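Structure file work_34.csv (CSV, C-alpha atoms and all ligand atoms) is printed below.
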```csv
chain,number,residue,atom,x,y,z
A,1,MET,CA,19.9,-2.7,-71.2
A,2,ASN,CA,23.1,-4.3,-72.7
A,3,ILE,CA,25.9,-2.0,-73.8
A,4,ILE,CA,29.5,-2.3,-75.0
A,5,LEU,CA,32.2,0.1,-73.8
A,6,LEU,CA,34.6,0.4,-76.7
A,7,GLY,CA,37.9,2.2,-76.7
A,8,PRO,CA,41.7,1.7,-76.6
A,9,PRO,CA,43.5,0.4,-73.5
A,10,GLY,CA,43.5,3.2,-70.9
A,11,ALA,CA,40.4,4.9,-72.2
A,12,GLY,CA,38.7,4.4,-68.9
A,13,LYS,CA,36.3,1.6,-69.7
A,14,GLY,CA,36.8,-0.2,-66.4
A,15,THR,CA,36.3,2.9,-64.3
A,16,GLN,CA,33.1,3.8,-66.1
A,17,ALA,CA,31.8,0.2,-66.0
A,18,ARG,CA,32.0,0.3,-62.2
A,19,ILE,CA,30.0,3.6,-62.1
A,20,LEU,CA,27.3,2.1,-64.4
A,21,GLU,CA,27.2,-1.0,-62.2
A,22,GLU,CA,26.6,1.1,-59.1
A,23,GLY,CA,24.2,3.6,-60.6
A,24,TRP,CA,22.3,1.4,-63.0
A,25,GLY,CA,22.4,-2.1,-61.5
A,26,MET,CA,24.1,-3.4,-64.5
A,27,ILE,CA,26.7,-6.2,-64.5
A,28,GLN,CA,30.2,-5.6,-65.8
A,29,LEU,CA,31.7,-8.4,-68.0
A,30,SER,CA,35.4,-7.7,-68.5
A,31,THR,CA,37.2,-10.4,-70.5
A,32,GLY,CA,40.5,-8.8,-69.2
A,33,ASP,CA,39.4,-9.4,-65.6
A,34,MET,CA,38.2,-12.9,-66.4
A,35,LEU,CA,41.5,-13.8,-68.1
A,36,ARG,CA,43.5,-12.3,-65.2
A,37,ALA,CA,41.4,-14.4,-62.7
A,38,ALA,CA,42.0,-17.5,-64.8
A,39,ARG,CA,45.8,-16.8,-64.5
A,40,THR,CA,45.7,-16.3,-60.8
A,41,SER,CA,43.7,-19.4,-60.1
A,42,GLY,CA,46.2,-21.3,-62.3
A,43,THR,CA,43.8,-23.0,-64.7
A,44,ALA,CA,45.1,-24.6,-67.8
A,45,MET,CA,43.6,-21.9,-69.9
A,46,GLY,CA,45.1,-19.2,-67.6
A,47,GLN,CA,48.6,-20.7,-68.1
A,48,LYS,CA,48.0,-20.8,-71.8
A,49,VAL,CA,47.1,-17.1,-72.1
A,50,ALA,CA,49.6,-15.6,-69.7
A,51,ALA,CA,52.5,-15.0,-72.1
A,52,ILE,CA,50.1,-13.6,-74.8
A,53,MET,CA,48.6,-11.1,-72.3
A,54,ASP,CA,51.9,-10.0,-71.0
A,55,ALA,CA,53.1,-9.3,-74.5
A,56,GLY,CA,50.0,-7.2,-75.2
A,57,GLU,CA,48.6,-9.5,-77.9
A,58,LEU,CA,45.1,-10.7,-78.2
A,59,VAL,CA,44.1,-14.2,-77.0
A,60,THR,CA,42.1,-16.4,-79.3
A,61,ASP,CA,38.5,-15.5,-80.2
A,62,GLU,CA,37.5,-19.0,-79.1
A,63,ILE,CA,38.7,-18.5,-75.5
A,64,VAL,CA,37.1,-15.1,-74.9
A,65,ILE,CA,33.8,-16.1,-76.6
A,66,GLY,CA,33.7,-19.1,-74.3
A,67,LEU,CA,34.2,-17.0,-71.3
A,68,ILE,CA,31.4,-14.6,-72.2
A,69,GLU,CA,29.1,-17.5,-73.1
A,70,GLU,CA,29.4,-18.9,-69.6
A,71,LYS,CA,28.4,-15.5,-68.0
A,72,LEU,CA,25.3,-15.1,-70.2
A,73,GLU,CA,24.0,-18.4,-68.6
A,74,GLY,CA,23.7,-16.7,-65.2
A,75,ASP,CA,21.7,-13.7,-63.8
A,76,HIS,CA,21.2,-10.9,-66.3
A,77,GLY,CA,20.4,-8.3,-63.6
A,78,GLY,CA,19.9,-4.8,-65.1
A,79,GLY,CA,21.8,-5.9,-68.2
A,80,PHE,CA,25.4,-6.3,-69.2
A,81,ILE,CA,28.3,-3.9,-69.7
A,82,PHE,CA,30.7,-5.6,-72.1
A,83,ASP,CA,34.2,-4.2,-71.2
A,84,GLY,CA,37.1,-5.2,-73.4
A,85,PHE,CA,34.8,-7.5,-75.5
A,86,PRO,CA,34.3,-7.7,-78.4
A,87,ARG,CA,37.8,-6.9,-79.7
A,88,THR,CA,37.5,-8.4,-83.2
A,89,LEU,CA,34.9,-8.6,-85.9
A,90,ALA,CA,34.5,-12.3,-85.2
A,91,GLN,CA,33.9,-11.6,-81.5
A,92,ALA,CA,31.3,-9.0,-82.5
A,93,ASP,CA,29.4,-11.4,-84.7
A,94,ALA,CA,29.6,-14.1,-82.0
A,95,LEU,CA,28.2,-11.6,-79.4
A,96,GLY,CA,25.2,-10.8,-81.6
A,97,ASP,CA,24.4,-14.5,-82.0
A,98,LEU,CA,24.8,-15.2,-78.2
A,99,LEU,CA,22.5,-12.3,-77.2
A,100,GLU,CA,19.9,-13.4,-79.7
A,101,ARG,CA,20.1,-17.0,-78.4
A,102,HIS,CA,19.4,-15.6,-74.9
A,103,GLY,CA,16.5,-13.7,-76.1
A,104,THR,CA,18.1,-10.3,-75.7
A,105,THR,CA,19.8,-7.6,-77.8
A,106,LEU,CA,22.5,-5.0,-77.7
A,107,ASP,CA,21.2,-1.5,-77.0
A,108,ALA,CA,24.2,0.7,-77.6
A,109,VAL,CA,27.9,0.8,-78.1
A,110,VAL,CA,29.7,3.6,-76.3
A,111,GLU,CA,33.0,4.6,-77.9
A,112,MET,CA,35.3,6.4,-75.5
A,113,GLN,CA,37.7,8.6,-77.4
A,114,VAL,CA,41.1,9.4,-75.9
A,115,ASP,CA,44.3,10.4,-77.8
A,116,ASP,CA,47.4,8.2,-77.6
A,117,ALA,CA,49.5,10.5,-75.5
A,118,ALA,CA,46.9,10.6,-72.8
A,119,LEU,CA,46.6,6.8,-72.9
A,120,VAL,CA,50.3,6.2,-72.3
A,121,ALA,CA,50.3,8.8,-69.5
A,122,ARG,CA,47.3,7.1,-67.8
A,123,ILE,CA,48.4,3.6,-68.1
A,124,THR,CA,51.9,4.1,-66.8
A,125,ALA,CA,50.3,5.8,-63.7
A,126,ARG,CA,47.7,3.2,-63.1
A,127,SER,CA,47.2,0.9,-60.1
A,128,THR,CA,44.3,-1.1,-58.7
A,129,CYS,CA,43.1,-2.2,-55.2
A,130,GLY,CA,44.2,-5.8,-54.7
A,131,SER,CA,40.9,-6.6,-52.9
A,132,CYS,CA,38.1,-4.9,-54.8
A,133,GLY,CA,39.7,-3.8,-58.1
A,134,GLU,CA,39.1,0.0,-57.6
A,135,VAL,CA,41.2,1.8,-60.1
A,136,TYR,CA,43.7,4.6,-59.0
A,137,ASN,CA,45.9,6.9,-61.0
A,138,ASP,CA,49.0,8.6,-59.5
A,139,ASN,CA,48.1,11.9,-61.2
A,140,THR,CA,44.3,12.2,-61.3
A,141,LYS,CA,43.0,9.8,-58.6
A,142,PRO,CA,45.8,9.0,-56.2
A,143,ILE,CA,45.6,6.3,-53.5
A,144,PRO,CA,44.2,8.0,-50.3
A,145,ALA,CA,46.9,9.4,-48.1
A,146,ASP,CA,46.0,6.9,-45.3
A,147,GLY,CA,47.0,4.1,-47.7
A,148,LYS,CA,43.5,2.6,-47.6
A,149,CYS,CA,41.2,2.0,-50.6
A,150,SER,CA,38.3,4.4,-50.5
A,151,ASN,CA,36.0,1.7,-51.7
A,152,CYS,CA,36.8,-1.2,-49.4
A,153,GLY,CA,39.6,-0.2,-47.0
A,154,GLY,CA,42.1,-2.6,-48.6
A,155,THR,CA,45.7,-1.7,-48.2
A,156,GLU,CA,47.3,-3.7,-51.0
A,157,PHE,CA,47.6,-2.1,-54.5
A,158,LYS,CA,48.9,-3.7,-57.7
A,159,ARG,CA,50.2,-2.7,-61.0
A,160,ARG,CA,49.5,-4.8,-64.0
A,161,ALA,CA,52.3,-6.8,-65.7
A,162,ASP,CA,51.2,-5.5,-69.1
A,163,ASP,CA,51.1,-1.8,-68.0
A,164,ASN,CA,54.6,-1.1,-69.3
A,165,GLU,CA,55.5,0.9,-72.4
A,166,GLU,CA,56.5,-2.0,-74.6
A,167,SER,CA,53.4,-4.1,-74.2
A,168,LEU,CA,51.3,-1.0,-74.2
A,169,ARG,CA,52.7,-0.2,-77.7
A,170,THR,CA,51.6,-3.7,-78.8
A,171,ARG,CA,48.2,-3.3,-77.2
A,172,LEU,CA,47.6,0.0,-79.0
A,173,MET,CA,48.6,-1.5,-82.3
A,174,GLU,CA,46.3,-4.5,-81.7
A,175,TYR,CA,43.6,-2.0,-81.0
A,176,TYR,CA,44.0,-0.1,-84.2
A,177,LYS,CA,44.4,-3.2,-86.4
A,178,LYS,CA,41.8,-5.5,-85.0
A,179,THR,CA,39.4,-3.6,-82.7
A,180,SER,CA,38.9,-0.1,-84.2
A,181,PRO,CA,37.1,-1.6,-87.3
A,182,LEU,CA,34.2,-2.3,-84.8
A,183,ILE,CA,33.6,1.5,-84.7
A,184,GLY,CA,32.4,1.3,-88.4
A,185,TYR,CA,30.7,-2.0,-87.8
A,186,TYR,CA,28.4,-0.6,-85.0
A,187,TYR,CA,28.1,2.8,-86.7
A,188,ALA,CA,26.6,1.0,-89.7
A,189,LYS,CA,24.1,-0.8,-87.4
A,190,GLY,CA,23.1,2.6,-85.9
A,191,GLN,CA,24.3,1.6,-82.4
A,192,LEU,CA,27.4,3.8,-82.0
A,193,ARG,CA,27.5,6.6,-79.5
A,194,SER,CA,30.8,8.4,-79.1
A,195,VAL,CA,31.9,10.3,-76.0
A,196,ASP,CA,35.0,12.3,-75.2
A,197,GLY,CA,36.9,10.2,-72.7
A,198,LEU,CA,39.5,12.8,-71.9
A,199,GLY,CA,37.6,14.7,-69.2
A,200,GLU,CA,37.3,14.0,-65.5
A,201,ILE,CA,35.7,10.8,-64.4
A,202,ASP,CA,32.4,12.3,-63.4
A,203,ALA,CA,32.2,14.4,-66.6
A,204,VAL,CA,32.7,11.3,-68.7
A,205,ALA,CA,30.1,9.4,-66.7
A,206,GLY,CA,27.7,12.3,-67.3
A,207,GLU,CA,28.3,12.2,-71.0
A,208,ILE,CA,27.7,8.4,-71.1
A,209,ALA,CA,24.5,8.8,-69.1
A,210,GLY,CA,23.5,11.4,-71.7
A,211,VAL,CA,24.0,9.2,-74.7
A,212,LEU,CA,22.3,6.3,-73.0
A,213,GLY,CA,19.4,8.3,-71.7
B,301,LIG,P1,43.2,-3.0,-71.6
B,301,LIG,O1,43.4,-2.3,-70.3
B,301,LIG,O2,44.4,-3.1,-72.5
B,301,LIG,O3,42.0,-2.6,-72.3
B,301,LIG,P2,42.1,-5.6,-70.7
B,301,LIG,O4,42.2,-5.7,-69.2
B,301,LIG,O5,40.8,-5.5,-71.3
B,301,LIG,O6,43.1,-4.6,-71.2
B,301,LIG,O7,42.8,-6.9,-71.3
B,301,LIG,C1,44.1,-7.3,-71.0
B,301,LIG,C2,44.6,-8.4,-72.0
B,301,LIG,O8,43.7,-9.5,-72.0
B,301,LIG,C3,44.6,-7.9,-73.5
B,301,LIG,O9,45.8,-7.2,-73.8
B,301,LIG,C4,44.5,-9.3,-74.2
B,301,LIG,O10,45.7,-10.0,-74.2
B,301,LIG,C5,43.5,-10.1,-73.3
B,301,LIG,N1,42.1,-9.8,-73.7
B,301,LIG,C6,41.1,-9.2,-73.0
B,301,LIG,N2,40.0,-9.2,-73.7
B,301,LIG,C7,40.2,-9.8,-74.9
B,301,LIG,C8,39.4,-10.1,-76.0
B,301,LIG,N3,38.1,-9.8,-76.1
B,301,LIG,N4,40.0,-10.8,-77.1
B,301,LIG,C9,41.3,-11.1,-77.0
B,301,LIG,N5,42.1,-10.9,-76.0
B,301,LIG,C10,41.6,-10.2,-74.9
B,302,ZN,ZN,39.4,-1.7,-52.6
```

Could you write out this structure as structure tokens?
Ligand code: ADP
Ligand code: ZN
Amino acid sequence: MNIILLGPPGAGKGTQARILEEGWGMIQLSTGDMLRAARTSGTAMGQKVAAIMDAGELVTDEIVIGLIEEKLEGDHGGGFIFDGFPRTLAQADALGDLLERHGTTLDAVVEMQVDDAALVARITARSTCGSCGEVYNDNTKPIPADGKCSNCGGTEFKRRADDNEESLRTRLMEYYKKTSPLIGYYYAKGQLRSVDGLGEIDAVAGEIAGVLG
């Protein structure tokens, strides 16, 4: 099964993608994670996109489509969870073509609905484990009291450079202008499944399982 997790920054796409990976044997493909990895390893592409990402703007369709294309060459496992991709109509069209070329299709698009006030609160409280990427939140899922990641035991936690109010405002605007039209696009194709992303992590996971089941 191949699915897209669609929703604004902070909707909880990454958290739910990890649950789907564990429970369903699917493979998460996060363009945000791929771009951050390219930055850390200092590739030419990583350097090119760094300033764009920190400002909260979208990198070019060409770059992210290229990243996804590479991943589709590999092991397809129990299917893919596209997280943070597609973000534009051009990316959505390209994904359709790529999947077709690999002899597979998209099964569903899960739209995670969360209001803006909650997004800002979530993102400014967010941190991740430096070793495994487990996501924590100061209010709802704090780092364990012993200072060790509950998933891998790691002791280093990071906050993202773009998780500040100014670039968040740009990220939200980019979402409404360029990404939210995908809701209508996939609705018209009969693939849209909407869930309430405001509840607790397990409740949202249950809702997602429900619409995919
Ligand atoms: P968020 O938490 O805002 O959903 P991501 O981790 O998915 O963020 O992405 C971080 C940044 O990486 C984005 O603000 C954007 O600059 C860039 N990016 C990630 N995916 C894409 C994409 N599909 N198209 C264009 N830019 C992207
Ligand atoms: Zn960890």

What does the distance from atom CA of Cys132 of chain A to atom CA of Gly154 of chain A come to in Å, to one decimal?
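Computing it gives 7.7 Å between the two atoms.
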
Neighbour list for Tyr186 of chain A as a list in words, cut-off 10 Å, all atoms listed in the file, skip fewer than 2 positions in-chain:
Ala92, Ala108, Val109, Val110, Glu111, Pro181, Leu182, Ile183, Gly184, Ala188, Lys189, Gly190, Gln191, Leu192 and Arg193 of chain A

Residues of the last selection are to be written out with C-alpha atoms, as a JSON list (two decimals), keeping the file's coordinate frame.
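Output file result28.json is given in full below:
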```
[["chain", "number", "residue", "atom", "x", "y", "z"],
["A", 92, "ALA", "CA", 31.30, -9.00, -82.50],
["A", 108, "ALA", "CA", 24.20, 0.70, -77.60],
["A", 109, "VAL", "CA", 27.90, 0.80, -78.10],
["A", 110, "VAL", "CA", 29.70, 3.60, -76.30],
["A", 111, "GLU", "CA", 33.00, 4.60, -77.90],
["A", 181, "PRO", "CA", 37.10, -1.60, -87.30],
["A", 182, "LEU", "CA", 34.20, -2.30, -84.80],
["A", 183, "ILE", "CA", 33.60, 1.50, -84.70],
["A", 184, "GLY", "CA", 32.40, 1.30, -88.40],
["A", 188, "ALA", "CA", 26.60, 1.00, -89.70],
["A", 189, "LYS", "CA", 24.10, -0.80, -87.40],
["A", 190, "GLY", "CA", 23.10, 2.60, -85.90],
["A", 191, "GLN", "CA", 24.30, 1.60, -82.40],
["A", 192, "LEU", "CA", 27.40, 3.80, -82.00],
["A", 193, "ARG", "CA", 27.50, 6.60, -79.50]]
```

With all atoms listed in the file as the counted atoms, please give the residues lying no more than 6 Å from segment 112-122 of chain A, apart from itself and same-chain residues fewer than 2 positions off, as a ChimeraX atom specification.
/A:7,10-11,124-125,195-198

At most 6 Å from ligand LIG 301 (chain B) (only C-alpha atoms and all ligand atoms): residue list as a PyMOL selection string
chain A and resi 9-10+31-33+52-53+56-61+64+84-87+171

Please return, as a list in words, all polymer residues that have at least one atom within 10 Å of the point (27.5, 7.2, -61.8); use only C-alpha atoms and the file's own coordinate frame.
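Output: Gln16, Ala17, Arg18, Ile19, Leu20, Glu21, Glu22, Gly23, Trp24, Ile201, Asp202, Ala203, Val204, Ala205, Gly206, Ile208 and Ala209 of chain A.
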
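Atom CA of Leu172 of chain A lies 18.1 Å from atom CA of Gln91 of chain A.
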
With all atoms listed in the file as the basis for distance, which of A:Arg36, A:Thr105, A:Asp163, A:Pro144 is at the shortest distance from Ser127 of chain A?
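For Ser127 of chain A, the nearest of the candidates is A:Asp163.
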
Report the closest atom pair, with its distance in Å rounded to one decimal, for each residue of chain A that has an atom no farther than 12 Å from ligand ZN 302 (chain B); count all atoms listed in the file, sort by chain and then rising residue number, and write it as a tab-separated table.
```
residue	atom	partner	partner_atom	distance
A:Ser127	CA	B:ZN302	ZN	11.1
A:Thr128	CA	B:ZN302	ZN	7.8
A:Cys129	CA	B:ZN302	ZN	4.5
A:Gly130	CA	B:ZN302	ZN	6.7
A:Ser131	CA	B:ZN302	ZN	5.1
A:Cys132	CA	B:ZN302	ZN	4.1
A:Gly133	CA	B:ZN302	ZN	5.9
A:Glu134	CA	B:ZN302	ZN	5.3
A:Val135	CA	B:ZN302	ZN	8.5
A:Tyr136	CA	B:ZN302	ZN	10.0
A:Ile143	CA	B:ZN302	ZN	10.2
A:Pro144	CA	B:ZN302	ZN	11.1
A:Gly147	CA	B:ZN302	ZN	10.7
A:Lys148	CA	B:ZN302	ZN	7.8
A:Cys149	CA	B:ZN302	ZN	4.6
A:Ser150	CA	B:ZN302	ZN	6.5
A:Asn151	CA	B:ZN302	ZN	4.9
A:Cys152	CA	B:ZN302	ZN	4.2
A:Gly153	CA	B:ZN302	ZN	5.8
A:Gly154	CA	B:ZN302	ZN	4.9
A:Thr155	CA	B:ZN302	ZN	7.7
A:Glu156	CA	B:ZN302	ZN	8.3
A:Phe157	CA	B:ZN302	ZN	8.4
A:Lys158	CA	B:ZN302	ZN	11.0
```

What gap, in Å, lies between atom CA of Asp162 of chain A and atom CA of Ile123 of chain A?
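Between these atoms lies a distance of 9.6 Å.
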
Could you give me, as a ChimeraX atom specification, the residues within 9 Å of Ile68 of chain A, counting all atoms listed in the file and dropping anything in the same chain fewer than 3 positions from it?
/A:29-31,63-65,71-72,85,95,98

Around the point (29.4, -6.2, -73.0), in the coordinates given by the file, pick out the residues reaching within 7 Å, counting all atoms listed in the file, and return them as JSON, numbers by chain.
{"A": [2, 3, 4, 5, 29, 80, 81, 82, 83, 85]}
